[in-house]
file data-v2.tsv (TSV, C-alpha atoms)
chain	number	residue	atom	x	y	z
Z	1	MET	CA	39.09	21.91	-4.28
Z	2	ARG	CA	41.46	21.80	-1.32
Z	3	ASN	CA	41.27	25.55	-0.92
Z	4	ASP	CA	37.50	25.70	-1.21
Z	5	PRO	CA	35.78	24.04	1.76
Z	6	ILE	CA	32.30	24.07	0.20
Z	7	ALA	CA	33.48	22.43	-3.03
Z	8	SER	CA	35.38	19.89	-0.92
Z	9	ILE	CA	32.22	19.00	1.02
Z	10	ILE	CA	30.40	18.23	-2.24
Z	11	HIS	CA	33.33	16.15	-3.46
Z	12	ARG	CA	33.37	14.27	-0.13
Z	13	ALA	CA	29.64	13.50	-0.42
Z	14	PHE	CA	30.19	12.26	-3.98
Z	15	ALA	CA	33.18	10.08	-3.02
Z	16	TRP	CA	31.28	8.47	-0.13
Z	17	ARG	CA	28.28	7.56	-2.31
Z	18	LYS	CA	30.61	6.33	-5.04
Z	19	SER	CA	32.39	4.06	-2.55
Z	20	LEU	CA	29.04	2.48	-1.65
Z	21	GLY	CA	28.36	1.66	-5.31
Z	22	LEU	CA	25.27	3.87	-5.43
Z	23	PHE	CA	26.05	5.04	-8.97
Z	24	ASP	CA	26.28	1.51	-10.37
Z	25	GLN	CA	22.54	0.84	-10.88
Z	26	THR	CA	21.15	4.28	-11.58
Z	27	GLU	CA	21.47	7.43	-13.66
Z	28	ALA	CA	19.59	9.48	-11.06
Z	29	ILE	CA	20.81	10.01	-7.51
Z	30	ARG	CA	20.63	12.48	-4.64
Z	31	LEU	CA	24.25	13.58	-4.39
Z	32	PHE	CA	23.82	15.86	-1.39
Z	33	TYR	CA	21.12	16.60	1.18
Z	34	GLY	CA	22.13	19.21	3.74
Z	35	PRO	CA	19.95	18.14	6.68
Z	36	GLY	CA	21.24	14.59	6.41
Z	37	GLU	CA	24.95	15.26	5.93
Z	38	ALA	CA	27.52	15.51	8.73
Z	39	LEU	CA	28.18	19.25	8.64
Z	40	THR	CA	29.93	21.57	11.10
Z	41	GLU	CA	28.70	25.00	12.14
Z	42	LEU	CA	31.10	26.54	9.61
Z	43	GLU	CA	29.26	24.67	6.88
Z	44	ALA	CA	25.79	25.74	8.05
Z	45	PRO	CA	24.69	27.39	4.75
Z	46	LEU	CA	24.77	23.98	3.07
Z	47	ARG	CA	22.15	22.61	5.48
Z	48	ALA	CA	19.51	24.29	3.32
Z	49	LEU	CA	20.72	22.72	0.07
Z	50	ALA	CA	20.02	19.57	-1.94
Z	51	ILE	CA	21.80	18.45	-5.11
Z	52	ASP	CA	20.25	15.85	-7.42
Z	53	LEU	CA	22.00	14.35	-10.43
Z	54	PHE	CA	20.22	13.14	-13.56
Z	55	GLN	CA	22.86	11.69	-15.87
Z	56	GLU	CA	25.31	14.55	-16.45
Z	57	HIS	CA	22.92	17.28	-15.29
Z	58	ALA	CA	22.52	18.68	-11.78
Z	59	TRP	CA	19.46	20.10	-10.06
Z	60	ILE	CA	20.05	22.34	-7.01
Z	61	THR	CA	17.27	23.04	-4.53
Z	62	GLN	CA	17.93	25.72	-1.92
Z	63	TRP	CA	15.56	26.77	0.85
Z	64	GLY	CA	17.95	29.10	2.66
Z	65	PRO	CA	20.07	32.10	1.64
Z	66	LEU	CA	23.30	31.58	-0.29
Z	67	SER	CA	25.78	34.29	-1.17
Z	68	GLU	CA	27.14	34.60	-4.69
Z	69	ALA	CA	30.50	33.35	-3.42
Z	70	GLN	CA	28.87	30.28	-1.85
Z	71	LEU	CA	26.92	29.53	-5.02
Z	72	LYS	CA	30.14	29.85	-7.02
Z	73	SER	CA	31.83	27.33	-4.72
Z	74	ILE	CA	28.89	24.93	-5.05
Z	75	LEU	CA	29.08	25.17	-8.84
Z	76	GLN	CA	32.83	24.59	-8.74
Z	77	GLY	CA	32.31	21.44	-6.70
Z	78	ILE	CA	29.61	20.11	-9.04
Z	79	ARG	CA	31.41	20.91	-12.27
Z	80	LEU	CA	34.45	18.86	-11.25
Z	81	LEU	CA	32.40	15.69	-10.83
Z	82	SER	CA	32.18	12.81	-13.32
Z	83	PRO	CA	29.55	10.54	-11.77
Z	84	TRP	CA	29.16	8.19	-14.75
Z	85	GLY	CA	32.45	8.88	-16.52
Z	86	THR	CA	31.32	12.08	-18.20
Z	87	PRO	CA	31.72	15.55	-16.64
Z	88	ILE	CA	28.64	17.45	-15.51
Z	89	GLN	CA	27.12	19.33	-18.45
Z	90	SER	CA	24.66	21.71	-16.77
Z	91	VAL	CA	23.36	22.97	-13.42
Z	92	VAL	CA	19.87	24.37	-12.75
Z	93	ARG	CA	18.60	25.88	-9.51
Z	94	MET	CA	15.25	26.00	-7.72
Z	95	ASP	CA	15.32	28.80	-5.17
Z	96	ARG	CA	12.65	28.27	-2.49
Z	97	THR	CA	14.13	30.81	-0.09
Z	98	LEU	CA	11.35	33.37	-0.51
Z	99	LEU	CA	8.45	30.93	-0.04
Z	100	PRO	CA	7.36	31.44	3.58
Z	101	THR	CA	4.06	29.56	3.28
Z	102	GLN	CA	3.20	26.12	1.88
Z	103	GLU	CA	0.48	27.65	-0.28
Z	104	GLN	CA	2.93	29.54	-2.47
Z	105	THR	CA	4.08	27.99	-5.73
Z	106	PRO	CA	7.82	28.06	-6.47
Z	107	PRO	CA	9.02	29.67	-9.69
Z	108	ASN	CA	10.43	27.73	-12.58
Z	109	VAL	CA	14.07	26.77	-12.25
Z	110	THR	CA	16.86	28.91	-13.64
Z	111	THR	CA	19.95	27.68	-15.45
Z	112	VAL	CA	23.08	28.72	-13.57
Z	113	TRP	CA	25.64	26.91	-15.72
Z	114	GLY	CA	25.80	24.99	-18.99
Z	115	ASN	CA	22.97	23.92	-21.30
Z	116	PRO	CA	20.38	21.55	-19.83
Z	117	PRO	CA	18.24	19.55	-22.28
Z	118	ALA	CA	15.34	21.59	-23.62
Z	119	ASN	CA	12.96	18.63	-23.66
Z	120	LYS	CA	12.26	15.62	-21.46
Z	121	PHE	CA	14.93	12.93	-21.48
Z	122	SER	CA	14.95	9.39	-20.11
Z	123	VAL	CA	17.11	8.17	-17.22
Z	124	GLN	CA	17.46	4.63	-15.90
Z	125	GLU	CA	16.94	3.81	-12.23
Z	126	ASN	CA	17.56	0.15	-11.41
Z	127	GLY	CA	16.76	-0.79	-15.00
Z	128	ILE	CA	13.51	1.20	-15.23
Z	129	PRO	CA	13.30	4.38	-17.38
Z	130	TYR	CA	11.78	7.64	-16.15
Z	131	LEU	CA	11.36	10.93	-17.97
Z	132	ILE	CA	13.09	14.01	-16.55
Z	133	GLN	CA	12.57	17.68	-17.37
Z	134	LEU	CA	14.99	20.43	-16.34
Z	135	LYS	CA	13.70	23.53	-18.15
Z	136	ASP	CA	10.40	25.42	-17.78
Z	137	THR	CA	9.40	23.26	-14.83
Z	138	LYS	CA	9.09	23.34	-11.06
Z	139	HIS	CA	10.42	19.83	-10.45
Z	140	PRO	CA	12.46	17.35	-12.52
Z	141	GLY	CA	9.67	14.76	-12.26
Z	142	LEU	CA	11.34	12.09	-10.11
Z	143	PHE	CA	11.43	12.23	-6.29
Z	144	LEU	CA	14.80	10.67	-5.50
Z	145	ASP	CA	13.95	10.11	-1.83
Z	146	HIS	CA	11.34	7.62	-3.09
Z	147	ALA	CA	13.96	5.47	-4.85
Z	148	PRO	CA	13.75	2.69	-2.18
Z	149	LEU	CA	9.97	2.67	-2.56
Z	150	ARG	CA	10.24	2.24	-6.33
Z	151	GLN	CA	12.69	-0.63	-5.78
Z	152	TRP	CA	10.24	-2.30	-3.38
Z	153	LEU	CA	7.34	-1.89	-5.80
Z	154	ALA	CA	9.37	-3.40	-8.63
Z	155	ARG	CA	9.92	-6.53	-6.48
Z	156	THR	CA	6.56	-7.05	-4.81
Z	157	GLN	CA	3.53	-6.20	-6.97
Z	158	SER	CA	3.02	-9.40	-8.94
Z	159	GLN	CA	-0.69	-10.02	-9.70
Z	160	LYS	CA	-1.80	-7.03	-7.60
Z	161	LYS	CA	-4.14	-4.13	-8.29
Z	162	VAL	CA	-2.54	-0.82	-7.37
Z	163	LEU	CA	-3.99	2.65	-6.72
Z	164	ASN	CA	-1.55	5.54	-6.92
Z	165	LEU	CA	-3.03	8.72	-5.42
Z	166	PHE	CA	-1.54	12.20	-5.90
Z	167	ALA	CA	0.52	10.36	-8.49
Z	168	TYR	CA	2.39	13.35	-9.96
Z	169	THR	CA	4.42	12.01	-12.91
Z	170	GLY	CA	3.49	8.41	-12.19
Z	171	SER	CA	6.92	6.99	-11.38
Z	172	LEU	CA	5.44	4.79	-8.64
Z	173	SER	CA	2.84	3.52	-11.11
Z	174	VAL	CA	5.56	2.54	-13.55
Z	175	ALA	CA	7.57	0.78	-10.83
Z	176	ALA	CA	4.48	-1.14	-9.68
Z	177	ALA	CA	3.68	-2.22	-13.22
Z	178	LYS	CA	7.27	-3.34	-13.75
Z	179	GLY	CA	6.83	-5.31	-10.54
Z	180	GLY	CA	4.02	-7.31	-12.13
Z	181	ALA	CA	0.88	-5.40	-11.11
Z	182	THR	CA	-2.07	-6.51	-13.22
Z	183	GLN	CA	-3.79	-3.11	-13.08
Z	184	VAL	CA	-2.55	0.31	-11.98
Z	185	THR	CA	-4.89	3.26	-11.41
Z	186	THR	CA	-3.07	6.60	-11.49
Z	187	LEU	CA	-4.91	9.63	-10.12
Z	188	ASP	CA	-3.81	13.26	-10.02
Z	189	LEU	CA	-5.39	16.71	-9.98
Z	190	SER	CA	-2.97	18.21	-12.53
Z	191	LYS	CA	-3.63	17.61	-16.23
Z	192	SER	CA	-0.02	18.37	-17.15
Z	193	THR	CA	1.53	15.94	-14.68
Z	194	LEU	CA	-1.03	13.26	-15.52
Z	195	ALA	CA	-0.01	13.64	-19.16
Z	196	TRP	CA	3.60	13.26	-18.00
Z	197	ALA	CA	2.59	10.10	-16.14
Z	198	LYS	CA	1.12	8.68	-19.36
Z	199	GLU	CA	4.38	9.52	-21.16
Z	200	ASN	CA	6.33	7.69	-18.44
Z	201	TRP	CA	4.07	4.65	-18.85
Z	202	ILE	CA	4.56	4.57	-22.62
Z	203	ASN	CA	8.29	5.29	-22.33
Z	204	ALA	CA	8.63	2.25	-20.05
Z	205	GLY	CA	7.03	0.03	-22.69
Z	206	LEU	CA	3.98	-0.82	-20.57
Z	207	PRO	CA	0.68	-1.90	-22.17
Z	208	GLU	CA	-2.26	0.49	-22.09
Z	209	SER	CA	-4.57	-2.34	-21.01
Z	210	ARG	CA	-3.00	-2.45	-17.54
Z	211	SER	CA	-3.45	1.26	-16.84
Z	212	ASP	CA	-6.22	3.61	-15.82
Z	213	PHE	CA	-5.42	7.32	-15.64
Z	214	ILE	CA	-7.87	9.53	-13.74
Z	215	PHE	CA	-7.80	13.32	-13.74
Z	216	GLY	CA	-9.45	14.69	-10.64
Z	217	ASP	CA	-9.49	15.43	-6.93
Z	218	ALA	CA	-8.67	12.39	-4.77
Z	219	LEU	CA	-11.15	13.50	-2.09
Z	220	GLU	CA	-13.92	13.37	-4.71
Z	221	TRP	CA	-12.78	10.22	-6.51
Z	222	LEU	CA	-12.18	7.98	-3.50
Z	223	PRO	CA	-15.93	7.83	-2.62
Z	224	ARG	CA	-16.72	7.18	-6.30
Z	225	LEU	CA	-14.29	4.26	-6.42
Z	226	ARG	CA	-15.81	2.85	-3.23
Z	227	LYS	CA	-19.30	3.13	-4.69
Z	228	LYS	CA	-18.09	1.14	-7.70
Z	229	GLY	CA	-16.81	-1.58	-5.37
Z	230	ALA	CA	-13.16	-1.07	-6.30
Z	231	LEU	CA	-10.59	-2.82	-4.11
Z	232	PHE	CA	-6.80	-2.69	-4.26
Z	233	GLU	CA	-3.98	-4.81	-2.88
Z	234	THR	CA	-1.66	-1.78	-2.76
Z	235	ILE	CA	-2.54	1.88	-2.28
Z	236	LEU	CA	0.10	4.59	-2.61
Z	237	CYS	CA	-0.59	7.99	-1.06
Z	238	ASP	CA	1.85	10.92	-1.21
Z	239	PRO	CA	-0.23	14.12	-0.99
Z	240	PRO	CA	1.21	17.62	-1.30
Z	241	SER	CA	1.44	19.75	1.82
Z	242	PHE	CA	-1.30	21.94	0.39
Z	243	SER	CA	-3.48	21.93	-2.70
Z	244	ARG	CA	-6.56	23.69	-3.95
Z	245	SER	CA	-9.28	22.48	-6.31
Z	246	LYS	CA	-12.79	23.53	-7.30
Z	247	ALA	CA	-14.11	21.45	-4.42
Z	248	GLY	CA	-11.97	23.27	-1.86
Z	249	SER	CA	-8.51	23.02	-0.33
Z	250	PHE	CA	-6.50	20.16	1.17
Z	251	SER	CA	-3.81	20.38	3.83
Z	252	THR	CA	-1.83	17.57	5.43
Z	253	GLN	CA	-1.91	19.63	8.62
Z	254	LYS	CA	-5.68	19.28	9.02
Z	255	ASP	CA	-6.93	16.69	6.51
Z	256	THR	CA	-4.68	13.64	6.95
Z	257	GLN	CA	-7.21	11.68	9.04
Z	258	ARG	CA	-10.10	12.52	6.71
Z	259	LEU	CA	-8.07	11.45	3.68
Z	260	HIS	CA	-7.21	8.07	5.20
Z	261	GLU	CA	-10.82	7.49	6.22
Z	262	LEU	CA	-11.60	7.61	2.51
Z	263	ILE	CA	-8.63	5.43	1.50
Z	264	LEU	CA	-8.83	2.51	3.92
Z	265	PRO	CA	-12.25	1.14	2.77
Z	266	LEU	CA	-10.70	0.59	-0.69
Z	267	MET	CA	-8.08	-1.83	0.60
Z	268	ASN	CA	-8.35	-5.59	0.36
Z	269	PRO	CA	-8.18	-7.24	3.81
Z	270	MET	CA	-4.52	-8.21	3.35
Z	271	GLY	CA	-3.65	-5.09	1.37
Z	272	THR	CA	-0.80	-2.65	1.96
Z	273	LEU	CA	-1.05	1.11	2.33
Z	274	VAL	CA	2.09	3.12	1.66
Z	275	THR	CA	1.52	6.66	2.89
Z	276	SER	CA	3.84	9.62	3.30
Z	277	ILE	CA	3.74	13.37	3.72
Z	278	ASN	CA	6.04	16.13	2.59
Z	279	SER	CA	5.54	18.33	5.66
Z	280	GLU	CA	8.46	18.76	8.03
Z	281	ASN	CA	6.31	20.85	10.37
Z	282	ILE	CA	4.07	17.85	11.19
Z	283	PRO	CA	5.54	15.64	13.95
Z	284	GLU	CA	5.70	11.92	13.26
Z	285	ALA	CA	3.52	11.27	16.30
Z	286	GLN	CA	0.73	13.43	14.89
Z	287	PHE	CA	1.00	11.76	11.47
Z	288	LEU	CA	0.72	8.28	13.00
Z	289	LYS	CA	-2.13	9.37	15.28
Z	290	ASP	CA	-4.15	10.64	12.31
Z	291	ILE	CA	-3.69	7.33	10.47
Z	292	HIS	CA	-4.55	5.24	13.54
Z	293	LEU	CA	-7.70	7.27	14.19
Z	294	ALA	CA	-8.75	6.74	10.57
Z	295	ALA	CA	-8.10	3.00	10.91
Z	296	GLN	CA	-10.19	2.82	14.08
Z	297	LYS	CA	-13.05	4.78	12.53
Z	298	THR	CA	-13.13	2.56	9.43
Z	299	GLY	CA	-12.61	-0.69	11.35
Z	300	LYS	CA	-9.32	-1.47	9.66

call {"tool": "encode", "arguments": {"input": "data-v2.tsv", "output": "structure tokens"}}
result
Amino acid sequence: MRNDPIASIIHRAFAWRKSLGLFDQTEAIRLFYGPGEALTELEAPLRALAIDLFQEHAWITQWGPLSEAQLKSILQGIRLLSPWGTPIQSVVRMDRTLLPTQEQTPPNVTTVWGNPPANKFSVQENGIPYLIQLKDTKHPGLFLDHAPLRQWLARTQSQKKVLNLFAYTGSLSVAAAKGGATQVTTLDLSKSTLAWAKENWINAGLPESRSDFIFGDALEWLPRLRKKGALFETILCDPPSFSRSKAGSFSTQKDTQRLHELILPLMNPMGTLVTSINSENIPEAQFLKDIHLAAQKTGK
């Protein structure tokens, strides 16, 4: 890799994470994230690249143009890695380059090398199993930037009731239940991902009695839960940048305050709200302002 600067960058990122012991407790890790790496101007193409590892399989996400030569160098760098003692077996790619608006849905991933598993397979993260899918999908099913949040949930949810909104594949629900939550309500607008969330729950060996899976629009269900008198010690909220349902559309750009006005009345007085957005175009100051306005309006 000495003669290939791009492959060397990937190897350097791997070696640094390895030196920190980040591979010791997990089979799923973000190996490389362009915006967060120390890159020179000559390495600019890699700023629009992320590489996630799930056991011996790699998932590439690109949101900027890459030449065939650059992609070849990236593959060379990945294929030479042995993160858990076994060489990488496959590489898939999600190309988001041609998605100029948040309302567009990315295509399914394409296999660029090797043979990824055809079906879901289980990986361990800090002793908790999660199901991953690499073929015929738009995401592997586990947001690796939420790994610290899952660790926190697994330590802190004893005897708590938890509401997981926009739950996707339910990994946060599983982590909360492993952390001792007495009841976890998992809500999502997608039937397929909610089914995946149920699979994750069962795969983790969790009892059905501690779960409640709701298919529906959060903006419609939050008032219903309030009417029922539901209260939660922990509420998790990670909405998509944009979504559309029969009731209308949702955007973090314009609906963040309204969403939190519906969430906050469901919190116990000493409860905790964990909220995040996946919208780089929204400044942190605006995000915090929307939440504070919602808190003021609801008296929280």

call {"tool": "residues_near_point", "arguments": {"input": "data-v2.tsv", "point": "(6.5, 5.9, -14.8)", "cutoff": "6 Å", "atoms": "all atoms listed in the file", "output": "ChimeraX atom specification"}}
result
/Z:130,170-171,173-174,197,200-201

call {"tool": "residues_around", "arguments": {"input": "data-v2.tsv", "residues": "region 23-28 of chain Z", "least_positions_apart": "4", "cutoff": "12 Å", "atoms": "all atoms listed in the file", "output": "MDAnalysis selection string"}}
result
chainID Z and resid 14:19 51:59 82:86 121:132 140:147 151

call {"tool": "closest_residue", "arguments": {"input": "data-v2.tsv", "among": "Z:Gly64, Z:Gly77, Z:Pro35, Z:Pro283", "to": "Ile10 (chain Z)", "atoms": "only C-alpha atoms"}}
result
Z:Gly77

call {"tool": "residues_around", "arguments": {"input": "data-v2.tsv", "residues": "Glu208 (chain Z)", "least_positions_apart": "2", "cutoff": "12 Å", "atoms": "only C-alpha atoms", "output": "MDAnalysis selection string"}}
result
chainID Z and resid 174 177 182:185 198:206 210:213

call {"tool": "closest_residue", "arguments": {"input": "data-v2.tsv", "among": "Z:Trp63, Z:Trp221, Z:Phe166, Z:Trp152", "to": "Leu262 (chain Z)", "atoms": "only C-alpha atoms"}}
result
Z:Trp221

call {"tool": "atom_distance", "arguments": {"input": "data-v2.tsv", "atom1": "CA of Val91 (chain Z)", "atom2": "CA of Lys72 (chain Z)"}}
result
11.6 Å

call {"tool": "atom_distance", "arguments": {"input": "data-v2.tsv", "atom1": "CA of Gln62 (chain Z)", "atom2": "CA of Val92 (chain Z)"}}
result
11.1 Å

call {"tool": "closest_residue", "arguments": {"input": "data-v2.tsv", "among": "Z:Pro265, Z:Pro65, Z:Gly248, Z:Pro207", "to": "Leu231 (chain Z)", "atoms": "all atoms listed in the file"}}
result
Z:Pro265

call {"tool": "residues_near_point", "arguments": {"input": "data-v2.tsv", "point": "(0.1, -2.0, 1.5)", "cutoff": "8 Å", "atoms": "only C-alpha atoms", "output": "list in words"}}
result
Glu233, Thr234, Ile235, Leu236, Met270, Gly271, Thr272, Leu273 and Val274 of chain Z

call {"tool": "closest_residue", "arguments": {"input": "data-v2.tsv", "among": "Z:Met267, Z:Ser209, Z:Asn278, Z:Pro223", "to": "Gly299 (chain Z)", "atoms": "all atoms listed in the file"}}
result
Z:Met267

call {"tool": "residues_around", "arguments": {"input": "data-v2.tsv", "residues": "Gln159 (chain Z)", "least_positions_apart": "2", "cutoff": "8 Å", "atoms": "only C-alpha atoms", "output": "CSV table (one decimal) with C-alpha atoms, keeping the file's coordinate frame"}}
result
chain,number,residue,atom,x,y,z
Z,157,GLN,CA,3.5,-6.2,-7.0
Z,161,LYS,CA,-4.1,-4.1,-8.3
Z,180,GLY,CA,4.0,-7.3,-12.1
Z,181,ALA,CA,0.9,-5.4,-11.1
Z,182,THR,CA,-2.1,-6.5,-13.2

call {"tool": "atom_distance", "arguments": {"input": "data-v2.tsv", "atom1": "CA of Gln76 (chain Z)", "atom2": "CA of Gly36 (chain Z)"}}
result
21.5 Å

call {"tool": "closest_residue", "arguments": {"input": "data-v2.tsv", "among": "Z:Ala50, Z:Leu219, Z:Tyr33, Z:Pro107", "to": "Lys246 (chain Z)", "atoms": "all atoms listed in the file"}}
result
Z:Leu219

call {"tool": "residues_around", "arguments": {"input": "data-v2.tsv", "residues": "Glu220 (chain Z)", "least_positions_apart": "3", "cutoff": "12 Å", "atoms": "only C-alpha atoms", "output": "ChimeraX atom specification"}}
result
/Z:165,187-189,214-217,223-227,245-250,259,262-263

call {"tool": "decode", "arguments": {"input": "data-v2.tsv", "residues": "region 199-216 of chain Z", "atoms": "N, CA, C and O atoms", "output": "mmCIF file, in the first residue's frame"}}
result
data_model
loop_
_atom_site.group_PDB
_atom_site.id
_atom_site.type_symbol
_atom_site.label_atom_id
_atom_site.label_comp_id
_atom_site.auth_asym_id
_atom_site.auth_seq_id
_atom_site.Cartn_x
_atom_site.Cartn_y
_atom_site.Cartn_z
ATOM 1 N N GLU Z 199 -37.540 -8.718 14.810
ATOM 2 C CA GLU Z 199 -36.515 -9.757 14.650
ATOM 3 C C GLU Z 199 -35.332 -9.484 15.567
ATOM 4 O O GLU Z 199 -34.775 -10.404 16.186
ATOM 5 N N ASN Z 200 -34.903 -8.216 15.633
ATOM 6 C CA ASN Z 200 -33.791 -7.852 16.510
ATOM 7 C C ASN Z 200 -34.114 -8.159 17.960
ATOM 8 O O ASN Z 200 -33.268 -8.644 18.713
ATOM 9 N N TRP Z 201 -35.347 -7.871 18.363
ATOM 10 C CA TRP Z 201 -35.787 -8.119 19.743
ATOM 11 C C TRP Z 201 -35.719 -9.617 20.067
ATOM 12 O O TRP Z 201 -35.171 -10.020 21.098
ATOM 13 N N ILE Z 202 -36.246 -10.424 19.155
ATOM 14 C CA ILE Z 202 -36.245 -11.874 19.359
ATOM 15 C C ILE Z 202 -34.819 -12.425 19.320
ATOM 16 O O ILE Z 202 -34.427 -13.268 20.142
ATOM 17 N N ASN Z 203 -34.020 -11.926 18.373
ATOM 18 C CA ASN Z 203 -32.640 -12.380 18.220
ATOM 19 C C ASN Z 203 -31.811 -12.094 19.474
ATOM 20 O O ASN Z 203 -30.875 -12.836 19.795
ATOM 21 N N ALA Z 204 -32.188 -11.030 20.195
ATOM 22 C CA ALA Z 204 -31.463 -10.672 21.418
ATOM 23 C C ALA Z 204 -31.958 -11.447 22.632
ATOM 24 O O ALA Z 204 -31.452 -11.251 23.748
ATOM 25 N N GLY Z 205 -32.956 -12.322 22.431
ATOM 26 C CA GLY Z 205 -33.460 -13.139 23.522
ATOM 27 C C GLY Z 205 -34.310 -12.388 24.524
ATOM 28 O O GLY Z 205 -34.376 -12.759 25.697
ATOM 29 N N LEU Z 206 -34.985 -11.328 24.065
ATOM 30 C CA LEU Z 206 -35.795 -10.503 24.965
ATOM 31 C C LEU Z 206 -37.236 -10.987 24.999
ATOM 32 O O LEU Z 206 -37.778 -11.403 23.977
ATOM 33 N N PRO Z 207 -37.907 -10.902 26.150
ATOM 34 C CA PRO Z 207 -39.273 -11.411 26.263
ATOM 35 C C PRO Z 207 -40.281 -10.481 25.601
ATOM 36 O O PRO Z 207 -40.179 -9.255 25.694
ATOM 37 N N GLU Z 208 -41.262 -11.068 24.954
ATOM 38 C CA GLU Z 208 -42.305 -10.318 24.272
ATOM 39 C C GLU Z 208 -43.087 -9.433 25.236
ATOM 40 O O GLU Z 208 -43.575 -8.353 24.861
ATOM 41 N N SER Z 209 -43.201 -9.846 26.482
ATOM 42 C CA SER Z 209 -44.008 -9.121 27.464
ATOM 43 C C SER Z 209 -43.470 -7.721 27.758
ATOM 44 O O SER Z 209 -44.208 -6.856 28.250
ATOM 45 N N ARG Z 210 -42.211 -7.474 27.474
ATOM 46 C CA ARG Z 210 -41.610 -6.162 27.764
ATOM 47 C C ARG Z 210 -41.599 -5.247 26.542
ATOM 48 O O ARG Z 210 -40.997 -4.171 26.578
ATOM 49 N N SER Z 211 -42.278 -5.658 25.476
ATOM 50 C CA SER Z 211 -42.219 -4.883 24.231
ATOM 51 C C SER Z 211 -43.602 -4.488 23.760
ATOM 52 O O SER Z 211 -44.603 -5.158 24.034
ATOM 53 N N ASP Z 212 -43.643 -3.375 23.036
ATOM 54 C CA ASP Z 212 -44.855 -2.928 22.366
ATOM 55 C C ASP Z 212 -44.426 -2.294 21.046
ATOM 56 O O ASP Z 212 -43.752 -1.256 21.039
ATOM 57 N N PHE Z 213 -44.771 -2.930 19.948
ATOM 58 C CA PHE Z 213 -44.382 -2.437 18.625
ATOM 59 C C PHE Z 213 -45.587 -1.767 17.971
ATOM 60 O O PHE Z 213 -46.655 -2.374 17.849
ATOM 61 N N ILE Z 214 -45.392 -0.506 17.546
ATOM 62 C CA ILE Z 214 -46.476 0.269 16.954
ATOM 63 C C ILE Z 214 -46.094 0.688 15.539
ATOM 64 O O ILE Z 214 -45.062 1.350 15.334
ATOM 65 N N PHE Z 215 -46.944 0.318 14.592
ATOM 66 C CA PHE Z 215 -46.764 0.764 13.211
ATOM 67 C C PHE Z 215 -47.599 2.023 13.011
ATOM 68 O O PHE Z 215 -48.816 2.018 13.227
ATOM 69 N N GLY Z 216 -46.947 3.112 12.639
ATOM 70 C CA GLY Z 216 -47.707 4.321 12.401
ATOM 71 C C GLY Z 216 -46.851 5.565 12.385
ATOM 72 O O GLY Z 216 -45.631 5.538 12.579
#
